>>> print(open('entry05.pdb').read())   # PDB, C-alpha atoms and all ligand atoms
ATOM      1  CA  MET A  16     -15.006 -16.777  40.518
ATOM      2  CA  SER A  17     -11.673 -14.964  40.024
ATOM      3  CA  SER A  18     -11.333 -12.506  37.156
ATOM      4  CA  ALA A  19     -10.006 -13.423  33.741
ATOM      5  CA  ALA A  20      -8.102 -11.325  31.202
ATOM      6  CA  ILE A  21     -11.200 -11.085  28.996
ATOM      7  CA  GLU A  22     -14.772 -12.109  29.798
ATOM      8  CA  PHE A  23     -17.909 -11.933  27.705
ATOM      9  CA  GLU A  24     -21.154 -12.905  29.415
ATOM     10  CA  HIS A  25     -24.211 -13.545  27.270
ATOM     11  CA  VAL A  26     -23.377 -10.724  24.868
ATOM     12  CA  TYR A  27     -25.908  -9.740  22.207
ATOM     13  CA  LYS A  28     -25.476  -6.969  19.640
ATOM     14  CA  THR A  29     -28.208  -5.687  17.380
ATOM     15  CA  TYR A  30     -27.401  -2.863  14.964
ATOM     16  CA  GLN A  31     -30.334  -0.568  14.403
ATOM     17  CA  PRO A  32     -31.321  -0.155  10.756
ATOM     18  CA  ALA A  33     -30.339   3.110   9.064
ATOM     19  CA  VAL A  34     -33.109   5.709   9.160
ATOM     20  CA  LYS A  35     -34.637   6.564   5.779
ATOM     21  CA  HIS A  36     -35.551  10.141   6.662
ATOM     22  CA  TRP A  37     -33.609  12.565   8.840
ATOM     23  CA  TRP A  38     -36.624  13.429  10.974
ATOM     24  CA  GLN A  39     -36.882   9.786  12.084
ATOM     25  CA  ARG A  40     -33.754  10.384  14.192
ATOM     26  CA  PHE A  41     -35.871  12.460  16.528
ATOM     27  CA  THR A  42     -38.633   9.921  17.054
ATOM     28  CA  ASN A  43     -38.460   7.008  19.449
ATOM     29  CA  ARG A  44     -40.271   4.731  17.093
ATOM     30  CA  SER A  45     -38.485   1.565  16.037
ATOM     31  CA  HIS A  46     -37.412   1.717  12.380
ATOM     32  CA  GLY A  47     -37.402  -2.038  11.817
ATOM     33  CA  GLU A  48     -35.934  -5.132  13.373
ATOM     34  CA  GLY A  49     -32.254  -4.338  13.197
ATOM     35  CA  PHE A  50     -29.387  -6.659  12.380
ATOM     36  CA  LYS A  51     -28.395  -9.238  14.989
ATOM     37  CA  ALA A  52     -24.592  -9.323  14.773
ATOM     38  CA  LEU A  53     -23.923 -11.188  18.052
ATOM     39  CA  HIS A  54     -26.147 -13.743  19.707
ATOM     40  CA  ASP A  55     -25.470 -14.921  23.267
ATOM     41  CA  VAL A  56     -21.672 -14.935  23.155
ATOM     42  CA  SER A  57     -20.005 -16.093  26.367
ATOM     43  CA  LEU A  58     -16.250 -16.487  26.481
ATOM     44  CA  ARG A  59     -13.544 -16.440  29.130
ATOM     45  CA  ILE A  60      -9.908 -15.887  28.177
ATOM     46  CA  GLU A  61      -7.445 -16.535  30.994
ATOM     47  CA  TYR A  62      -4.416 -14.411  31.829
ATOM     48  CA  GLY A  63      -1.444 -15.245  29.648
ATOM     49  CA  GLU A  64      -3.377 -16.998  26.879
ATOM     50  CA  PHE A  65      -2.685 -16.506  23.161
ATOM     51  CA  PHE A  66      -6.257 -16.820  21.940
ATOM     52  CA  GLY A  67      -7.553 -16.870  18.370
ATOM     53  CA  LEU A  68     -10.976 -15.588  17.317
ATOM     54  CA  LEU A  69     -11.773 -16.917  13.861
ATOM     55  CA  GLY A  70     -14.775 -16.678  11.589
ATOM     56  CA  PRO A  71     -15.822 -15.813   8.046
ATOM     57  CA  ASN A  72     -16.445 -12.205   6.937
ATOM     58  CA  GLY A  73     -19.304 -10.691   8.867
ATOM     59  CA  ALA A  74     -19.242 -13.332  11.634
ATOM     60  CA  GLY A  75     -19.097 -10.660  14.338
ATOM     61  CA  LYS A  76     -15.409 -10.626  15.358
ATOM     62  CA  THR A  77     -14.943  -6.858  15.072
ATOM     63  CA  SER A  78     -18.305  -6.257  16.755
ATOM     64  CA  LEU A  79     -17.105  -8.281  19.743
ATOM     65  CA  ILE A  80     -13.770  -6.453  19.893
ATOM     66  CA  SER A  81     -15.508  -3.068  19.584
ATOM     67  CA  ILE A  82     -17.598  -3.878  22.658
ATOM     68  CA  LEU A  83     -14.445  -4.815  24.548
ATOM     69  CA  ALA A  84     -12.744  -1.548  23.572
ATOM     70  CA  GLY A  85     -15.787   0.555  24.489
ATOM     71  CA  LEU A  86     -16.284   1.637  20.869
ATOM     72  CA  SER A  87     -19.738   0.146  20.826
ATOM     73  CA  TYR A  88     -22.236  -1.004  23.464
ATOM     74  CA  ALA A  89     -23.595  -4.515  23.790
ATOM     75  CA  THR A  90     -27.363  -4.599  23.372
ATOM     76  CA  GLU A  91     -27.410  -7.140  26.217
ATOM     77  CA  GLY A  92     -24.772  -8.853  28.328
ATOM     78  CA  ARG A  93     -21.496  -7.769  29.882
ATOM     79  CA  ALA A  94     -17.824  -7.666  28.997
ATOM     80  CA  ARG A  95     -14.836  -7.235  31.301
ATOM     81  CA  VAL A  96     -11.103  -6.700  30.861
ATOM     82  CA  CYS A  97      -8.976  -7.863  33.829
ATOM     83  CA  GLY A  98     -12.144  -7.837  35.930
ATOM     84  CA  HIS A  99     -13.123  -4.267  34.940
ATOM     85  CA  ASP A 100     -16.549  -3.833  33.382
ATOM     86  CA  VAL A 101     -16.165  -2.134  29.993
ATOM     87  CA  VAL A 102     -19.118   0.178  30.674
ATOM     88  CA  ASN A 103     -19.200   0.824  34.435
ATOM     89  CA  ASP A 104     -15.422   0.827  34.853
ATOM     90  CA  PHE A 105     -14.427   2.039  31.404
ATOM     91  CA  ARG A 106     -11.211   3.878  32.289
ATOM     92  CA  ALA A 107      -9.666   0.897  34.085
ATOM     93  CA  SER A 108     -10.787  -1.583  31.440
ATOM     94  CA  ARG A 109      -9.474   0.617  28.609
ATOM     95  CA  ARG A 110      -6.152   1.119  30.373
ATOM     96  CA  ALA A 111      -5.731  -2.657  30.601
ATOM     97  CA  LEU A 112      -6.320  -3.047  26.871
ATOM     98  CA  GLY A 113      -4.276  -2.303  23.746
ATOM     99  CA  VAL A 114      -6.215  -2.572  20.496
ATOM    100  CA  VAL A 115      -4.770  -2.812  17.004
ATOM    101  CA  PRO A 116      -7.741  -1.929  14.790
ATOM    102  CA  GLN A 117      -8.477  -3.445  11.429
ATOM    103  CA  GLU A 118      -8.742  -0.122   9.581
ATOM    104  CA  LEU A 119      -5.727   2.078   8.925
ATOM    105  CA  VAL A 120      -6.668   5.096  11.017
ATOM    106  CA  TYR A 121      -4.039   7.794  11.537
ATOM    107  CA  ASP A 122      -3.571  11.537  11.729
ATOM    108  CA  PRO A 123      -1.744  12.730   8.592
ATOM    109  CA  PHE A 124      -0.300  15.829  10.287
ATOM    110  CA  PHE A 125       2.017  14.103  12.757
ATOM    111  CA  THR A 126       5.253  12.151  12.649
ATOM    112  CA  VAL A 127       5.453   8.604  13.996
ATOM    113  CA  MET A 128       7.046   9.787  17.239
ATOM    114  CA  GLU A 129       4.486  12.572  17.708
ATOM    115  CA  THR A 130       1.658  10.109  17.087
ATOM    116  CA  LEU A 131       2.999   7.782  19.768
ATOM    117  CA  ARG A 132       3.656  10.582  22.257
ATOM    118  CA  ILE A 133       0.089  11.827  21.818
ATOM    119  CA  GLN A 134      -1.208   8.305  22.333
ATOM    120  CA  SER A 135       0.904   8.013  25.513
ATOM    121  CA  GLY A 136      -0.603  11.304  26.695
ATOM    122  CA  TYR A 137      -4.109   9.821  26.465
ATOM    123  CA  PHE A 138      -2.996   7.421  29.195
ATOM    124  CA  GLY A 139      -1.271  10.100  31.260
ATOM    125  CA  LEU A 140       2.249   8.960  30.288
ATOM    126  CA  HIS A 141       4.531  11.941  29.696
ATOM    127  CA  ARG A 142       8.008  10.413  29.767
ATOM    128  CA  ASN A 143       7.554   7.359  27.648
ATOM    129  CA  ASP A 144      10.211   7.780  24.953
ATOM    130  CA  ASP A 145      12.414   4.858  26.090
ATOM    131  CA  TRP A 146       9.556   2.387  25.761
ATOM    132  CA  ILE A 147       8.336   3.968  22.497
ATOM    133  CA  GLU A 148      11.823   3.595  21.030
ATOM    134  CA  GLU A 149      12.001  -0.040  22.126
ATOM    135  CA  VAL A 150       8.634  -0.778  20.538
ATOM    136  CA  LEU A 151       9.657   1.004  17.319
ATOM    137  CA  HIS A 152      12.878  -1.007  17.246
ATOM    138  CA  HIS A 153      11.020  -4.328  17.513
ATOM    139  CA  LEU A 154       8.607  -3.268  14.796
ATOM    140  CA  GLY A 155      11.428  -2.244  12.442
ATOM    141  CA  LEU A 156      10.380   1.407  12.556
ATOM    142  CA  SER A 157      13.392   3.044  14.235
ATOM    143  CA  ASP A 158      14.459   4.762  11.029
ATOM    144  CA  LYS A 159      10.926   6.115  10.470
ATOM    145  CA  MET A 160      10.606   7.689  13.904
ATOM    146  CA  HIS A 161      10.621  11.239  12.522
ATOM    147  CA  ALA A 162       8.827  10.495   9.247
ATOM    148  CA  ASN A 163       5.410  11.986   8.674
ATOM    149  CA  MET A 164       2.590   9.430   8.851
ATOM    150  CA  ARG A 165       1.553  10.401   5.308
ATOM    151  CA  ALA A 166       4.957   9.365   4.016
ATOM    152  CA  LEU A 167       4.682   5.751   5.241
ATOM    153  CA  SER A 168       3.630   2.774   3.156
ATOM    154  CA  GLY A 169       0.452   0.899   4.125
ATOM    155  CA  GLY A 170       2.420  -1.839   5.918
ATOM    156  CA  MET A 171       4.431   0.718   7.866
ATOM    157  CA  LYS A 172       1.277   2.564   8.920
ATOM    158  CA  ARG A 173       0.008  -0.749  10.236
ATOM    159  CA  ARG A 174       3.194  -1.170  12.267
ATOM    160  CA  VAL A 175       2.551   2.241  13.823
ATOM    161  CA  LEU A 176      -0.960   1.096  14.770
ATOM    162  CA  VAL A 177       0.604  -1.857  16.558
ATOM    163  CA  ALA A 178       3.030   0.482  18.341
ATOM    164  CA  GLN A 179       0.104   2.762  19.295
ATOM    165  CA  ALA A 180      -1.665  -0.152  20.959
ATOM    166  CA  LEU A 181       1.424  -0.916  23.038
ATOM    167  CA  VAL A 182       2.511   2.528  24.283
ATOM    168  CA  HIS A 183       0.812   2.150  27.682
ATOM    169  CA  ARG A 184       2.101  -1.446  28.171
ATOM    170  CA  PRO A 185      -1.368  -2.972  28.440
ATOM    171  CA  PRO A 186      -1.585  -6.469  29.965
ATOM    172  CA  VAL A 187      -4.166  -7.459  27.332
ATOM    173  CA  ILE A 188      -3.546  -6.914  23.620
ATOM    174  CA  VAL A 189      -6.215  -7.338  20.960
ATOM    175  CA  LEU A 190      -5.130  -7.553  17.339
ATOM    176  CA  ASP A 191      -7.887  -7.340  14.728
ATOM    177  CA  GLU A 192      -6.384  -8.760  11.532
ATOM    178  CA  PRO A 193      -3.021  -7.080  12.100
ATOM    179  CA  THR A 194      -1.274  -8.750   9.184
ATOM    180  CA  ALA A 195      -3.816  -7.986   6.455
ATOM    181  CA  GLY A 196      -1.807  -6.574   3.541
ATOM    182  CA  VAL A 197       1.609  -6.640   5.182
ATOM    183  CA  ASP A 198       4.747  -8.267   3.819
ATOM    184  CA  VAL A 199       6.290 -11.511   5.042
ATOM    185  CA  ASP A 200       9.092  -9.643   6.761
ATOM    186  CA  LEU A 201       6.772  -7.614   8.959
ATOM    187  CA  ARG A 202       4.593 -10.616   9.695
ATOM    188  CA  ARG A 203       7.598 -12.500  11.012
ATOM    189  CA  SER A 204       8.952  -9.633  13.090
ATOM    190  CA  LEU A 205       5.480  -8.750  14.333
ATOM    191  CA  TRP A 206       4.787 -12.314  15.470
ATOM    192  CA  GLU A 207       8.183 -12.658  17.092
ATOM    193  CA  PHE A 208       7.499  -9.467  19.034
ATOM    194  CA  ILE A 209       3.917 -10.400  19.985
ATOM    195  CA  SER A 210       5.012 -13.923  20.988
ATOM    196  CA  ARG A 211       7.679 -12.395  23.184
ATOM    197  CA  LEU A 212       5.072 -10.151  24.846
ATOM    198  CA  ASN A 213       2.921 -13.234  25.372
ATOM    199  CA  ARG A 214       5.827 -15.152  26.928
ATOM    200  CA  GLU A 215       6.370 -12.194  29.237
ATOM    201  CA  GLY A 216       2.785 -12.590  30.462
ATOM    202  CA  HIS A 217       0.620 -10.454  28.153
ATOM    203  CA  THR A 218      -2.687 -11.933  27.093
ATOM    204  CA  ILE A 219      -3.228 -11.849  23.338
ATOM    205  CA  LEU A 220      -6.521 -11.994  21.462
ATOM    206  CA  LEU A 221      -6.004 -12.316  17.732
ATOM    207  CA  THR A 222      -8.444 -12.300  14.844
ATOM    208  CA  THR A 223      -7.071 -13.352  11.505
ATOM    209  CA  HIS A 224      -8.079 -14.946   8.235
ATOM    210  CA  TYR A 225      -4.591 -16.503   7.963
ATOM    211  CA  LEU A 226      -5.341 -19.831   9.576
ATOM    212  CA  GLU A 227      -1.763 -21.078   9.460
ATOM    213  CA  GLU A 228      -0.886 -18.040  11.563
ATOM    214  CA  ALA A 229      -3.544 -18.915  14.145
ATOM    215  CA  GLU A 230      -2.453 -22.570  14.113
ATOM    216  CA  ALA A 231       1.162 -21.645  14.839
ATOM    217  CA  LEU A 232       0.451 -19.025  17.492
ATOM    218  CA  CYS A 233      -2.781 -19.668  19.365
ATOM    219  CA  GLY A 234      -3.173 -22.082  22.259
ATOM    220  CA  ARG A 235      -6.958 -21.886  22.143
ATOM    221  CA  ILE A 236      -9.391 -20.870  19.445
ATOM    222  CA  ALA A 237     -13.030 -19.812  19.213
ATOM    223  CA  MET A 238     -14.853 -19.878  15.885
ATOM    224  CA  LEU A 239     -17.721 -17.486  15.310
ATOM    225  CA  LYS A 240     -20.415 -17.886  12.708
ATOM    226  CA  ARG A 241     -23.367 -15.551  12.253
ATOM    227  CA  GLY A 242     -22.696 -14.018  15.642
ATOM    228  CA  GLN A 243     -22.531 -17.279  17.592
ATOM    229  CA  ILE A 244     -19.642 -19.352  18.901
ATOM    230  CA  VAL A 245     -19.715 -22.617  16.982
ATOM    231  CA  ALA A 246     -16.414 -24.081  18.224
ATOM    232  CA  LEU A 247     -14.263 -23.381  21.266
ATOM    233  CA  ASP A 248     -11.312 -25.606  22.009
ATOM    234  CA  THR A 249      -7.556 -25.886  22.227
ATOM    235  CA  THR A 250      -5.791 -25.676  18.894
ATOM    236  CA  ASP A 251      -4.491 -29.217  19.428
ATOM    237  CA  ALA A 252      -7.992 -30.578  20.016
ATOM    238  CA  LEU A 253      -9.310 -28.809  16.884
ATOM    239  CA  LEU A 254      -6.451 -30.271  14.850
ATOM    240  CA  ALA A 255      -7.109 -33.735  16.314
ATOM    241  CA  ARG A 256     -10.710 -33.521  15.040
ATOM    242  CA  VAL A 257      -9.357 -33.595  11.480
ATOM    243  CA  GLY A 258      -6.520 -36.048  12.119
ATOM    244  CA  GLY A 259      -3.908 -33.294  12.030
ATOM    245  CA  ALA A 260      -4.949 -32.135   8.539
ATOM    246  CA  GLY A 261      -4.512 -28.508   9.572
ATOM    247  CA  LEU A 262      -6.592 -25.726  11.074
ATOM    248  CA  GLU A 263      -7.889 -24.658   7.660
ATOM    249  CA  GLU A 264      -9.451 -28.103   7.200
ATOM    250  CA  ALA A 265     -10.935 -27.986  10.722
ATOM    251  CA  PHE A 266     -12.333 -24.503  10.003
ATOM    252  CA  VAL A 267     -13.862 -25.543   6.676
ATOM    253  CA  GLN A 268     -15.448 -28.653   8.194
ATOM    254  CA  ILE A 269     -16.906 -26.798  11.173
ATOM    255  CA  MET A 270     -18.304 -24.019   8.962
ATOM    256  CA  ARG A 271     -19.752 -26.606   6.559
ATOM    257  CA  GLN A 272     -21.464 -28.446   9.412
ATOM    258  CA  GLU A 273     -22.919 -25.168  10.613
ATOM    259  CA  ASN A 274     -24.149 -24.333   7.130
ATOM    260  CA  GLN A 275     -25.786 -27.740   6.842
ATOM    261  CA  ALA A 276     -27.385 -27.266  10.245
ATOM    262  CA  ALA A 277     -28.659 -23.853   9.134
ATOM    263  CA  GLY A 278     -29.738 -25.259   5.760
ATOM    264  CA  THR A 279     -27.617 -22.824   3.715
ATOM    265  CA  ALA A 280     -24.858 -23.263   1.153
ATOM    266  CA  LEU A 281     -21.240 -22.396   1.959
TER     267      LEU A 281
HETATM  268  N1  LIG B   1     -22.233  -0.170  12.493
HETATM  269  C1  LIG B   1     -22.883  -1.169  11.926
HETATM  270  N2  LIG B   1     -24.167  -1.027  11.522
HETATM  271  C2  LIG B   1     -24.843  -2.044  10.970
HETATM  272  N3  LIG B   1     -24.325  -3.284  10.771
HETATM  273  C3  LIG B   1     -23.057  -3.485  11.143
HETATM  274  C4  LIG B   1     -22.268  -2.451  11.734
HETATM  275  N4  LIG B   1     -21.043  -2.966  12.011
HETATM  276  C5  LIG B   1     -21.057  -4.253  11.609
HETATM  277  N5  LIG B   1     -22.275  -4.561  11.085
HETATM  278  C6  LIG B   1     -22.693  -5.866  10.561
HETATM  279  O1  LIG B   1     -22.507  -6.824  11.591
HETATM  280  C7  LIG B   1     -22.027  -8.048  11.045
HETATM  281  C8  LIG B   1     -20.733  -8.418  11.751
HETATM  282  O2  LIG B   1     -19.712  -7.516  11.325
HETATM  283  P1  LIG B   1     -18.252  -7.554  11.924
HETATM  284  O3  LIG B   1     -17.491  -6.424  11.320
HETATM  285  O4  LIG B   1     -18.323  -7.657  13.393
HETATM  286  O5  LIG B   1     -17.736  -8.959  11.323
HETATM  287  P2  LIG B   1     -16.263  -9.561  11.220
HETATM  288  O6  LIG B   1     -16.368 -10.968  11.688
HETATM  289  O7  LIG B   1     -15.292  -8.681  11.926
HETATM  290  O8  LIG B   1     -16.015  -9.531   9.663
HETATM  291  P3  LIG B   1     -14.641  -9.356   8.790
HETATM  292  O9  LIG B   1     -13.909 -10.645   8.901
HETATM  293  O10 LIG B   1     -15.168  -9.123   7.420
HETATM  294  O11 LIG B   1     -13.902  -8.191   9.341
HETATM  295  C9  LIG B   1     -21.849  -7.817   9.537
HETATM  296  O12 LIG B   1     -22.965  -8.352   8.877
HETATM  297  C10 LIG B   1     -21.799  -6.317   9.413
HETATM  298  O13 LIG B   1     -22.330  -5.880   8.173
END
>>> encode(input="entry05.pdb", output="structure tokens")
Amino acid sequence: MSSAAIEFEHVYKTYQPAVKHWWQRFTNRSHGEGFKALHDVSLRIEYGEFFGLLGPNGAGKTSLISILAGLSYATEGRARVCGHDVVNDFRASRRALGVVPQELVYDPFFTVMETLRIQSGYFGLHRNDDWIEEVLHHLGLSDKMHANMRALSGGMKRRVLVAQALVHRPPVIVLDEPTAGVDVDLRRSLWEFISRLNREGHTILLTTHYLEEAEALCGRIAMLKRGQIVALDTTDALLARVGGAGLEEAFVQIMRQENQAAGTAL
């Protein structure tokens, strides 16, 4: 079968429980069962898709993205980016991927431009200023180019994280809740920019709790619950399930059915 932009094959993730005593780090004994965050997740996202990964808090979205970005290993199963295995062919898979993380992580000692030049350097790009300036322009950050990262507001720092993910022009872009805590203005300009990248052929994987955002942008959606995919369909088909009552209604109904099946309350 030909490669896809993103592939997960029977992925499981179990987090080991925290050790109670420091000396237990040096023993091979199991310290308990561990927490099963992902359970047999298989997913194939084709080139050029705008794909939404939805799920309640703790469903496993970030765990899945972390495996894709090589930040964490799957306990079982495989993941690939543009056909490159994220473990055996890490450099190629990482080069094909731009990740906008959920947390605001930044180095307080650098300016925006320095931050982006350093990021370009990680990918071996030494003359990248033209592209960096274009990205900054589309993210409304041109006037902050020489500002220190510390001096930016939370929303602006988030824009820099988006720019950081794009410096090496990756064909696949993963955005983990990129609009959490940002103003309407940025959301609009960010989505216009990301949609443009998608029209130009980039594959987008988006996680968000703003369901109207996913409804407007994503062609296909997977819903995760307790580490398992409980729905995977086109956005249109999910909307048709609820007679066009909106993605939020579809989400609530699917999660409720899953809760009933699991015998728990929402
Ligand atoms: N490093 C870790 N060690 C132990 N448990 C973890 C770790 N990282 C995540 N978990 C647990 O795994 C589960 C899935 O977390 P994850 O962050 O992947 O969910 P999420 O769907 O991204 O949630 P949110 O929407 O709140 O960001 C949660 O119960 C979380 O507490």
>>> residues_near_ligand(input="entry05.pdb", ligand="ligand LIG 1 (chain B)", cutoff="8 Å", atoms="all atoms listed in the file", output="ChimeraX atom specification")
/A:30-33,50-53,69-79,117,192,223-224,239,241-242
>>> axis_aligned_box(input="entry05.pdb", around="region 254-265 of chain A", padding_each_side="8 Å", output="lines of an AutoDock Vina configuration file")
center_x = -7.4
center_y = -30.4
center_z = 11.8
size_x = 23.0
size_y = 27.4
size_z = 25.1
>>> atom_distance(input="entry05.pdb", atom1="CA of Met270 (chain A)", atom2="CA of Ala237 (chain A)")
12.3 Å
>>> residues_around(input="entry05.pdb", residues="Gly98 (chain A)", least_positions_apart="3", cutoff="7 Å", atoms="only C-alpha atoms", output="JSON, numbers by chain")
{"A": [18, 19, 95]}
>>> residues_around(input="entry05.pdb", residues="region 140-146 of chain A", least_positions_apart="4", cutoff="10 Å", atoms="all atoms listed in the file", output="MDAnalysis selection string")
chainID A and resid 128 131:136 150:152 181:184
>>> atom_distance(input="entry05.pdb", atom1="CA of Glu91 (chain A)", atom2="CA of Ile244 (chain A)")
16.2 Å
>>> atom_distance(input="entry05.pdb", atom1="CA of Arg174 (chain A)", atom2="CA of Leu156 (chain A)")
7.6 Å
>>> closest_residue(input="entry05.pdb", among="A:Met160, A:Ala229, A:Ala276, A:Val267", to="Asp251 (chain A)", atoms="only C-alpha atoms")
A:Ala229
>>> decode(input="entry05.pdb", residues="region 195-203 of chain A", atoms="all heavy atoms", output="PDB file, in the first residue's frame")
ATOM      1  N   ALA A 195      -6.114  27.837  21.827  1.00  0.00           N
ATOM      2  CA  ALA A 195      -6.505  27.941  23.233  1.00  0.00           C
ATOM      3  C   ALA A 195      -5.987  29.279  23.782  1.00  0.00           C
ATOM      4  O   ALA A 195      -4.784  29.542  23.728  1.00  0.00           O
ATOM      5  CB  ALA A 195      -5.918  26.771  24.016  1.00  0.00           C
ATOM      6  N   GLY A 196      -6.901  30.121  24.239  1.00  0.00           N
ATOM      7  CA  GLY A 196      -6.495  31.380  24.874  1.00  0.00           C
ATOM      8  C   GLY A 196      -6.022  32.455  23.920  1.00  0.00           C
ATOM      9  O   GLY A 196      -5.308  33.369  24.342  1.00  0.00           O
ATOM     10  N   VAL A 197      -6.387  32.369  22.645  1.00  0.00           N
ATOM     11  CA  VAL A 197      -5.983  33.451  21.741  1.00  0.00           C
ATOM     12  C   VAL A 197      -7.210  34.234  21.268  1.00  0.00           C
ATOM     13  O   VAL A 197      -8.320  33.705  21.233  1.00  0.00           O
ATOM     14  CB  VAL A 197      -5.175  32.934  20.522  1.00  0.00           C
ATOM     15  CG1 VAL A 197      -3.923  32.219  20.943  1.00  0.00           C
ATOM     16  CG2 VAL A 197      -6.025  32.036  19.648  1.00  0.00           C
ATOM     17  N   ASP A 198      -6.972  35.498  20.896  1.00  0.00           N
ATOM     18  CA  ASP A 198      -8.129  36.340  20.559  1.00  0.00           C
ATOM     19  C   ASP A 198      -8.696  36.012  19.168  1.00  0.00           C
ATOM     20  O   ASP A 198      -8.079  35.318  18.368  1.00  0.00           O
ATOM     21  CB  ASP A 198      -7.770  37.826  20.707  1.00  0.00           C
ATOM     22  CG  ASP A 198      -6.694  38.264  19.734  1.00  0.00           C
ATOM     23  OD1 ASP A 198      -6.681  37.747  18.609  1.00  0.00           O
ATOM     24  OD2 ASP A 198      -5.876  39.125  20.100  1.00  0.00           O
ATOM     25  N   VAL A 199      -9.879  36.546  18.930  1.00  0.00           N
ATOM     26  CA  VAL A 199     -10.621  36.246  17.698  1.00  0.00           C
ATOM     27  C   VAL A 199      -9.808  36.621  16.468  1.00  0.00           C
ATOM     28  O   VAL A 199      -9.798  35.896  15.466  1.00  0.00           O
ATOM     29  CB  VAL A 199     -11.948  37.054  17.689  1.00  0.00           C
ATOM     30  CG1 VAL A 199     -12.758  36.751  16.431  1.00  0.00           C
ATOM     31  CG2 VAL A 199     -12.747  36.743  18.923  1.00  0.00           C
ATOM     32  N   ASP A 200      -9.102  37.745  16.584  1.00  0.00           N
ATOM     33  CA  ASP A 200      -8.299  38.244  15.482  1.00  0.00           C
ATOM     34  C   ASP A 200      -7.256  37.224  15.037  1.00  0.00           C
ATOM     35  O   ASP A 200      -7.139  36.899  13.855  1.00  0.00           O
ATOM     36  CB  ASP A 200      -7.575  39.499  15.983  1.00  0.00           C
ATOM     37  CG  ASP A 200      -7.631  40.576  14.944  1.00  0.00           C
ATOM     38  OD1 ASP A 200      -8.541  40.519  14.103  1.00  0.00           O
ATOM     39  OD2 ASP A 200      -6.742  41.457  14.990  1.00  0.00           O
ATOM     40  N   LEU A 201      -6.514  36.718  16.028  1.00  0.00           N
ATOM     41  CA  LEU A 201      -5.467  35.741  15.711  1.00  0.00           C
ATOM     42  C   LEU A 201      -6.085  34.473  15.159  1.00  0.00           C
ATOM     43  O   LEU A 201      -5.614  33.899  14.183  1.00  0.00           O
ATOM     44  CB  LEU A 201      -4.615  35.385  16.929  1.00  0.00           C
ATOM     45  CG  LEU A 201      -3.740  34.132  16.699  1.00  0.00           C
ATOM     46  CD1 LEU A 201      -2.741  34.346  15.579  1.00  0.00           C
ATOM     47  CD2 LEU A 201      -3.018  33.711  17.942  1.00  0.00           C
ATOM     48  N   ARG A 202      -7.180  34.033  15.791  1.00  0.00           N
ATOM     49  CA  ARG A 202      -7.822  32.808  15.316  1.00  0.00           C
ATOM     50  C   ARG A 202      -8.123  32.909  13.839  1.00  0.00           C
ATOM     51  O   ARG A 202      -7.835  32.019  13.058  1.00  0.00           O
ATOM     52  CB  ARG A 202      -9.141  32.607  16.053  1.00  0.00           C
ATOM     53  CG  ARG A 202      -8.949  31.876  17.314  1.00  0.00           C
ATOM     54  CD  ARG A 202     -10.183  31.109  17.610  1.00  0.00           C
ATOM     55  NE  ARG A 202     -10.472  31.275  19.004  1.00  0.00           N
ATOM     56  CZ  ARG A 202     -11.561  30.806  19.572  1.00  0.00           C
ATOM     57  NH1 ARG A 202     -12.473  30.224  18.858  1.00  0.00           N
ATOM     58  NH2 ARG A 202     -11.727  30.953  20.848  1.00  0.00           N
ATOM     59  N   ARG A 203      -8.735  34.065  13.469  1.00  0.00           N
ATOM     60  CA  ARG A 203      -9.084  34.237  12.048  1.00  0.00           C
ATOM     61  C   ARG A 203      -7.839  34.213  11.175  1.00  0.00           C
ATOM     62  O   ARG A 203      -7.793  33.491  10.186  1.00  0.00           O
ATOM     63  CB  ARG A 203      -9.809  35.566  11.856  1.00  0.00           C
ATOM     64  CG  ARG A 203     -11.190  35.513  12.409  1.00  0.00           C
ATOM     65  CD  ARG A 203     -12.167  36.179  11.442  1.00  0.00           C
ATOM     66  NE  ARG A 203     -13.492  36.061  11.999  1.00  0.00           N
ATOM     67  CZ  ARG A 203     -14.305  37.078  12.202  1.00  0.00           C
ATOM     68  NH1 ARG A 203     -13.923  38.290  11.870  1.00  0.00           N
ATOM     69  NH2 ARG A 203     -15.502  36.875  12.714  1.00  0.00           N
TER      70      ARG A 203
END
